[in-house]
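Colleague: What follows is a structure written as C-alpha cells; I'll ask about it next.
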Amino acid sequence: MRNAALMLGIIGGLIAMVIGFFSYGYTQVTESHAEIGQAFGQVQNVGLVRVASFVAPLLAIAGGAMAKVRALWGGVAMLIAAGLMYVAFGFSAFTMFPLGFCVLGGILALAAGKPDEPKSHF
C-alpha cells in the first residue's frame, strides 16, 4: 500500500504542477491584460489560486515521497493537497485525475497502519 501511495502522490503532484503552471500564468495574464479576462472570465480569488498553484503540487509530491517511511504524514499531506486543489480549482476534466490520485494515495497511506518496518505510525 505504501508503494501505491508513493506512486499516486508523485503522479498526482506532477499533474497538479501542470495545472498550477497554467493557473498561475492565467492569473498573471488577466492581471496585465484586462481584455483577456473579460473575454475568458476573471478569476474570483487570485491569491488562493496562486497559493494553491504552488503549495498543492508541493504537498502532493512531498506526501508521496514520505508515504514509504512516514505514512501518516505523507497521507495527511496528500489529503491536504487534494483539498487545496478542490477549493482553488474545483472539480473538472483537468483536475479529476490529480484529485483522485492524491485522495486515493492519502487514503492508502493512512490505511497502511501496519508498516513493513517495526515502528507503526498510530
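If you're wondering about the labels, chains in the C-alpha cells are A, B, ... by order shown, residues count from 1 in each chain, ligands from 1 in order shown.
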Extract the full set of alpha helix (DSSP H) residues from chain A according to DSSP on the backbone, and format it as a PyMOL selection string.
Modeller: chain A and resi 2-32+34-40+46-66+71-89+96-111
Colleague: Go through region 40-60 of chain A and flag each residue having an atom no more than 12 Å from region 99-114 of chain A; for those, report the closest pair of atoms plus their distance in Å to one decimal, using only C-alpha atoms, ordered by chain and rising number, as a tab-separated table.
Modeller:
residue	atom	partner	partner_atom	distance
A:Ala56	CA	A:Cys102	CA	9.9
A:Pro57	CA	A:Cys102	CA	9.7
A:Leu58	CA	A:Cys102	CA	11.7
A:Leu59	CA	A:Cys102	CA	9.7
A:Ala60	CA	A:Cys102	CA	6.5
Colleague: Generate the output file for the selected residues, N, CA, C and O atoms, as a short mmCIF file (atom, residue, chain, number, x, y, z; two decimals), in the first residue's frame.
Modeller:
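And here's result08.cif as it stands now:
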data_model
loop_
_atom_site.label_atom_id
_atom_site.label_comp_id
_atom_site.auth_asym_id
_atom_site.auth_seq_id
_atom_site.Cartn_x
_atom_site.Cartn_y
_atom_site.Cartn_z
N ALA A 56 -0.11 23.07 -3.47
CA ALA A 56 -0.75 21.77 -3.66
C ALA A 56 0.16 20.75 -4.36
O ALA A 56 0.29 19.63 -3.86
N PRO A 57 0.82 21.08 -5.47
CA PRO A 57 1.74 20.09 -6.05
C PRO A 57 2.90 19.76 -5.12
O PRO A 57 3.36 18.62 -5.06
N LEU A 58 3.37 20.76 -4.40
CA LEU A 58 4.47 20.55 -3.46
C LEU A 58 4.07 19.56 -2.37
O LEU A 58 4.82 18.62 -2.06
N LEU A 59 2.89 19.74 -1.80
CA LEU A 59 2.41 18.83 -0.76
C LEU A 59 2.15 17.43 -1.32
O LEU A 59 2.42 16.44 -0.64
N ALA A 60 1.62 17.35 -2.52
CA ALA A 60 1.34 16.04 -3.10
C ALA A 60 2.62 15.25 -3.37
O ALA A 60 2.71 14.06 -3.04
#
Colleague: My list of candidates is A:Gly41, A:Gly90, A:Gly25, A:Pro98. Which is closest to Gly12 (chain A) when distances are computed with only C-alpha atoms?
Modeller: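 Once distances to Gly12 (chain A) are computed over only C-alpha atoms, the minimum belongs to A:Pro98.
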Colleague: Could you give me, as a ChimeraX atom specification, the residues within 12 Å of Gln28 (chain A), counting only C-alpha atoms and dropping anything in the same chain fewer than 3 positions from it?
Modeller: /A:21-25,31-34,36-37,42-43,46-47,49-50
Colleague: Neighbours of Leu48 (chain A) within 9 Å (only C-alpha atoms; same-chain residues fewer than 6 positions away dropped), as an NGL selection string?
Modeller: :A and (84 or 87-88)
Colleague: Which of these residues is nearest to Met66 (chain A), using only C-alpha atoms: A:Ala93, A:Gly20, A:Met78, A:Ile11?
Modeller: A:Met78
Colleague: Nearest to Ile15 (chain A): which of A:Ile80, A:Ile61, A:Ser92, A:Ala52 is it, counting only C-alpha atoms?
Modeller: A:Ile61
